[in-house]
Each structure stands twice: as structure tokens, then as C-alpha cells.
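In what follows, a single structure is set out as C-alpha cells and then discussed.
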Amino acid sequence: MTFSIGFHEMGHLLACKVFTKNEVWHIKIGIGKEIVKTKRITLCAIPFSGYFRYEEKRAVSTFEEGSMLVGGPLGTALLLLLLALILRNVASAWSVSLAKYLIYFNGSMLITSVVPMRYSAVFNPIRYSDGWQFWQLVRKNNN
């Protein structure tokens, strides 16, 4: 799960670097006690969620912000495609099972990040999906 969440967050990071050239960013993967913390990455004990944050050194255009929001789901979709290609070319039973599990997990992760929704605040303050944030961005620009 940590790898999948990290891949998703790296999609946000890649879009940020391509469209804003921003060098000040941080990725957090998981919730609970921090296990590893560096200047740019934090890994926590329970790999349940993640987020990408960047420091705005200038005003970010709607296109740039939208691109960063879409980057995460695109990263997850790319990982799904890679897993499907791996599944097509594996032979052993355990690797087929693992690939299928990862495809199901990443598929559900893609859906929950694209569908506009609010997540439960059980462990963290209320968080919004990428789809929700993108929808709010579009609504703000249409008003």
C-alpha cells in the first residue's frame, strides 16, 4: 500500500515540478506515529492515506493547480496499467495473486481519488479527494 500511495503522490509531485517548477514540497504517506521523516518525505506507521503539499512562492494559475490535482490519479492510472502488463506476463500462482490484489487495490484507490467526496475524520482532520478539490476549482472559476 505504501508503494501505491507513494506512486499516487509522486504523480502530484511530477505535475507540480513540470508546471510550477516549485522546489519546496513535502509528501506524507500514512497516519499515526512517524517512522521516517526527512525534509521532503514522511512515512508513518499505518499506510492508510497520503498527501502532497507544496509551498506557493507565487500565485498558481488555475491550470497549474488543476494539473497538480489530476497528477495523482494519473499516477495511479499509470501504475494500474503497469500492473496489468505485469499480470499479463507472469506465470507463477503467487505473483498472479499479488498482481491481482494490487490491481484491485489501485483500482479502488483511483476511484476514491477521482470521485468528489469527503473522507472521514477518524484519524485526521476532514480531507477531500482530488476529485472534490478539482470540482471546487472548476466551480470557483465558473462563478
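Starting from 1 in every chain, residues are counted up; chains themselves are A, B, ... following the order of the C-alpha cells, and ligands are numbered from 1 as listed.
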For Gly66 (chain A), find every residue with an atom within 10 Å (counting only C-alpha atoms), except residues of its own chain fewer than 5 positions away, and show them as JSON, numbers by chain.
{"A": [15, 60, 61, 71, 130, 133, 134, 135, 137, 138]}
Limited to C-alpha atoms, could you put the picked residues into a file as a PDB file, in the first residue's frame?
```
ATOM      1  CA  ALA A  15       2.832  17.759 -12.189  1.00  0.00           C
ATOM      2  CA  VAL A  60      -0.551  29.439  -9.048  1.00  0.00           C
ATOM      3  CA  SER A  61      -2.825  29.558 -12.090  1.00  0.00           C
ATOM      4  CA  GLY A  71      -1.400  14.302 -11.490  1.00  0.00           C
ATOM      5  CA  ASP A 130      -8.626  15.005  -5.577  1.00  0.00           C
ATOM      6  CA  GLN A 133     -10.794  19.593  -4.913  1.00  0.00           C
ATOM      7  CA  PHE A 134     -10.838  19.637  -8.732  1.00  0.00           C
ATOM      8  CA  TRP A 135     -14.622  20.084  -8.728  1.00  0.00           C
ATOM      9  CA  LEU A 137     -11.621  24.569  -8.514  1.00  0.00           C
ATOM     10  CA  VAL A 138     -13.880  24.330 -11.579  1.00  0.00           C
TER      11      VAL A 138
END
```
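Residues in contact range of Ser4 (chain A), defined as at most 10 Å between only C-alpha atoms, with sequence neighbours fewer than 5 positions away removed, read Glu9, Met10, Pro47, Gly75, Thr76, Leu79, Leu80, Leu102, Phe105, Asn106 and Met109 of chain A.
Using only C-alpha atoms, the residues found no farther than 12 Å from Gln136 (chain A), other than those of its own chain fewer than 3 positions away, are Thr62, Glu65, Gly66, Leu69, Pro116, Met117, Tyr128, Ser129, Asp130, Gly131, Trp132, Gln133, Arg139, Lys140, Asn141, Asn142 and Asn143 of chain A.
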Go ahead and save the picked residues with C-alpha atoms, as a short mmCIF file (atom, residue, chain, number, x, y, z; two decimals), in the first residue's frame.
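Saved the output as out-v3.cif:
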```
data_model
loop_
_atom_site.label_atom_id
_atom_site.label_comp_id
_atom_site.auth_asym_id
_atom_site.auth_seq_id
_atom_site.Cartn_x
_atom_site.Cartn_y
_atom_site.Cartn_z
CA THR A 62 -6.00 27.50 -12.25
CA GLU A 65 -3.46 23.82 -9.74
CA GLY A 66 -5.77 21.61 -11.79
CA LEU A 69 -4.74 17.71 -8.73
CA PRO A 116 -15.66 14.02 -5.47
CA MET A 117 -16.02 13.10 -1.77
CA TYR A 128 -11.17 15.91 0.45
CA SER A 129 -10.50 13.68 -2.55
CA ASP A 130 -8.63 15.01 -5.58
CA GLY A 131 -11.94 14.87 -7.44
CA TRP A 132 -13.61 17.07 -4.80
CA GLN A 133 -10.79 19.59 -4.91
CA ARG A 139 -16.87 25.73 -9.65
CA LYS A 140 -14.77 28.64 -8.34
CA ASN A 141 -13.69 29.53 -11.89
CA ASN A 142 -17.23 29.34 -13.30
CA ASN A 143 -18.55 31.85 -10.76
#
```
One decimal place gives the CA of Lys33 (chain A)-CA of Phe52 (chain A) separation as 18.0 Å
Spatial neighbours of Ile35 (chain A), max dist 8 Å, only C-alpha atoms, sep filter under 2 positions, as a ChimeraX atom specification
/A:33,37,42-45
Among A:Glu55, A:Gly6, A:His12, A:Tyr119, Trp25 (chain A) is approached most closely, using only C-alpha atoms, by A:Glu55
Report the residues of region 41-141 of chain A whose backbone DSSP state falls under helix (DSSP H, G or I), written as a ChimeraX atom specification.
/A:62-89,93-114,130-141
